[in-house]
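Remarks on the structure that follows.
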Amino acid sequence: MGIRFILMVNKQGQTRLAQYYEWLTLEERRALEGEIVRKCLARNDQQQCSFVEHRNYKIVYRRYASLFFMVGVDDDENELAILEFIHLLVETMDKHFGNVCELDIMFHLEKAHFMLEEMVMNGCIVETSKANILSPIQLMDKAH
Amino acid sequence: MDNMFQRSLEDLIKGFRLQLLGESSFISRALEEIRREIKATDLSTKSTALHKLSYLAAIHGVDMSWAAFHAVEVVSSSRFHHKRIGYQAITQSFHDQTSVLLLITNQLRKDLNSVNEYEVSLGLECLSRIGTHDLARDLSPEVFTLLGSSKSFVRKKATGVVLRVFDKYPDAVKVCFKRLVENLETSDPQILSAVVGVFCELASKDPSSCLPLAPEFFKILIESRNNWVLIKVLKIFAKLASVEPRLGKKVAEPICEHMKRTVAKSLVFECVRTVVSSLSDHEAAVKLAVAKIGEFLVEDDPNLKYLGLHALSIAAPKHLWAVLENKEAVVKALSDEDPNVKLEALHLLMAMDSYELCAKSDPLFCNEIIISVLSVCSRNAYEIIVDFNWYVSLLGEMTRIPNCQRGEEIEHQLIDIGMRVGDARPQLVRVSWALLIDPAMLGNLFLHPILSAASWVSGEYVEFAKNPYELVEALVQPRTDLLPPYIRAIYIHSVFKVLVFCLGSYFSAQESSSGSSSTVAFTYESILNLVNVIEIGVWPLSGAYDVEVQERAKNVLGFIGMAKQDIAKKVNLQDNEAEACRVTAFMEDVFSEELGPISANAQEKVFVPDGLELEENLGDLEEICGKFLKPVESDSVPCADKISFSVSNLRIRDQQEASSSSTSLPPKASSSLLAEHRKRHGMYYLTSEKNDPDSNGTPNDYPPANDLASEILLDPLDPKRKAKHRKSRPVVVKLDEGDESRIITSQAKTKQESVTDDESLSRAIQSALLVNKKGKEREAKGIQI
């Protein structure tokens with residue numbers, strides 16, 4: 001179904017954002033996050049590729065400063081496109097928060113969620129234009 | 001923390017970060033607060049509490065299912081802010097089993113019909129995440145309306161939801177599909193993205209239903225400049241082309257155009273993937289794709305390398321030439337730093353027919369591939385191998401590759417896997433049997449080590465063999481004459497093991513009349529047949545030139561001779577009289593112990609039993625065992641040299657003591673030892689100078705010959721005598737003479753004066769000893785430790 005989950009984890013392994021596109025119980029989620037985080041954090045960014053195979057799906061990840069962005073996708077998904085998607089997400093957040101950092105995400109978790117919701121629906125990427133993603137959010141902020 | 005004002009989420013987070021108490025106690029405190037607040041009637045308080053709860057649930061894994069009803073309450077608020085929080089909580093925590101799911105149906109309907117597009121979008125997003133069958137069914141009319149909405153924002157979202165609705169409530173397809181198709185023709189890029197995404201998923205589930213829409217997709221393929229959309233369309237075509245080959249022809253051209261023109265690597269990769277998976281018949285397209293793969297493979301970026309290998313492995317089955325073109329890059333990837341890349345390269349090589357690959361490349365390269373594969377796989381006790389059955393059959397295949405020269409390595413791995421991996425043993429036996437039965441293998445010198453491993457494995461794990469009879473036939477076939485004797489011996493021993501196993505199962509089958517537990521059932525005729533075949537095959541070897549082969553053959557034949565009688569008498573295991581049964585049971589027991597791998601440090605782990613001294617200088621023994629022992633440092637020194645060696649050693653020790661270095665012996669003990677030794681063998685101490693001042697006052701004179709001879713004779717453990725006895729043990733007389741000359745020459749080597757005296761002495765001793773040889777032998781033997 002395309003994208004299965006999106007995680008943002010910091011270097012110490014603490015989850016900062018978790019968006020799942022299929023239902024998993026709390027224990028399953030925790031176990032999954034633990035496994036994946038261990039795998040990705042142990043890898044060396046410079047010489048190793050950004051794809052990790054885990055069970056029957058792939059994880060595409062990239063590290064930005066202190067945060068790891070991990071996206072779990074089906075096997076037939078285009079990995080490079082997902083990498084671009086991650087970059088798009090980071091750029092969007094950067095545009096909205098201005099020099100986004102981990103703290104921004106922590107304090108404005110729901111904004112990050114909204115951005116993600118605009119971009120991905122049902123595991124498919126539906127919106128890739130930064131302007132389009134941010135306009136509803138900016139409107140909501142103004143109204144509030 | 002009782003204050004009148006409710007803590008907002010921001011306060012909560014700040015508090016969390018600054019908290020002085022433990023994390024869990026902070027969370028439980030906050031949870032208590034939330035529970036209180038959430039029951040309030042005021043919606044603001046409720047929503048803030050819910051907000052905090054969602055945060056805790058999302059980040060700290062707190063369970064929030066108890067707040068489901070409250071979430072529904074919050075959602076019913078008219079304020080957008082509350083709605084947002086409520087829907088957020090719902091999407092996060094609701095699932096199929098949530099009991100209050102029904103309650104939100106109405107609310108969702110209201111929101112979906114709302115004028116405010118953002119409310120609509122909230123509703124749609126919620127539906128897309130938690131939609132159940134009932135919800136989908138009840139709300140599909142609304143979705144249908146929204147698909148035709150004037151606001152593109154809404155339409156886009158509605159399209160996004162469609163997949164979930166279709167998934168949960170298939171009847172909705174009838175209603176909504178048309179609108180969906182209409183959206184496909186839209187020029188609005190936002191909606192297009194969404195629609196194409198939906199069709200991408202639909203196509204993978206059911207390509208034939210999307211086939212009629214191919215012309216639209218084609219239009220998009222040619223016109224669109226949006227890479228995301230193009231990638232999705234390519235995926236659609238990949239699925240469609242596999243159902244409808246004629247599509248491939250039409251589509252190949254535009255795809256090649258894209259490949260050539262675009263800068264985006266993701267698009268290139270998608271084109272390549274589409275071409276090699278679905279359009280593999282179109283030569284031009286494939287050529288271009290392979291060229292692009294080649295470019296990927298030589299990039300520094302490990303991502304691209306990985307993807308290049310991945311695409312190559314898809315292309316490989318039909319287009320071997322593609323792999324050959326890039327073979328250097330592939331082999332280089334085998335030793336890449338990234339384990340993913342390595343694994344991918346490995347899978348690539350394995351997935352192909354290695355036989356063909358090596359037939360077309362030179363032998364050196366072939367062996368290079370083999371050795372790199374073997375070393376990569378066996379690293380860290382085969383940590384990358386998950387499917388050992390596959391790996392074992394791979395090892396078998398490697399053996400069949402012409403020009404394979406890596407016999408020892410494959411042999412080692414076959415046995416290693418047999419010892420370490422119990423589950424792989426059946427496959428191992430199967431593969432081994434295939435190798436053994438093949439007469440062509442026997443002629444190839446390089447493969448002999450592998451055959452020896454194969455036969456050992458078959459014998460050791462014969463219980464997994466499907467047909468031991470065939471195994472035996474393979475092991476005794478006449479062509480095994482070509483094997484060197486040491487491998488032949490292994491073959492015969494494996495035959496023995498198989499025989500023991502078969503007899504064992506035959507006898508136990510006799511005992512329990514209803515089906516035995518063994519996989520192979522033996523009848524009287526079959527076991528007799530087996531035994532006869534073995535006898536005929538092994539009998540010529542009982543006269544073999546090689547002693548090992550001869551011995552093993554005789555063992556087997558002897559066993560058979562004994563067993564044949566008892567088989568004829570149709571005895572069973574209960575019958576204690578039957579010798580064969582007992583022996584068979586005994587032999588089965590012997591072979592049943594599993595051989596496992598032994599660590600290189602195993603010897604170190606064996607505890608030295610008390611009282612056993614390994615390290616110490618054995619000089620201490622002088623004290624312990626009195627005059628029966630001599631302090632000799634090394635046993636491995638040849639006997640003839642012992643005399644001079646011990647003398648020189650003691651001399652060194654003497655000097656060391658003089659210079660007061662720390663030795664393992666306390667100085668007092670060593671000097672007393674030395675003194676005693678000197679007393680007894682003073683004549684053998686040869687000084688370095690004529691008048692040695694530090695000879696400790698020991699008289700450096702030689703006692704007359706008569707005394708000497710008697711002294712020597714009396715002392716049973718004279719080192720020279722000991723040496724003499726060692727040499728006299730063998731029965732063959734010749735050896736003594738040879739040793740004699742050795743003693744004399746070694747004496748000559750010690751470049752001291754008065755050698756001639758010693759020589760005559762030694763000769764006297766020897767002649768004396770030769771006379772009383774037997775008696776002294778017995779004596780010496782009795783005293784030797």
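Identifiers for the structure tokens are assigned positionally: chains receive A, B, ... in sequence, residues are indexed from 1 per chain, and ligands are indexed from 1 in the order shown.
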Val71 (chain A): which residues within 12 Å, counting only C-alpha atoms, same-chain residues fewer than 6 positions away excluded, as an MDAnalysis selection string? chainID A and resid 2:9 17:21 33 36:37 40 50:54 57:63 77 79:87 89 116 120 123
Here is a test: counting only C-alpha atoms, which residue of B:Ala67, B:Met562, B:Val120, B:Val341 is nearest to chain A?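 Ranked by minimum distance to chain A, first place goes to B:Val341.
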Using only C-alpha atoms and a cut-off of 9 Å, which residues of chain A sit close to chain B? Please list them as a VMD selection string. chain A and resid 1 to 2 14 to 23 26 to 27 29 to 30 43 to 44 46 to 53 76 78 to 81 84 106 to 110 113 117 to 118 120 to 122 124 to 129 132 136 140 144
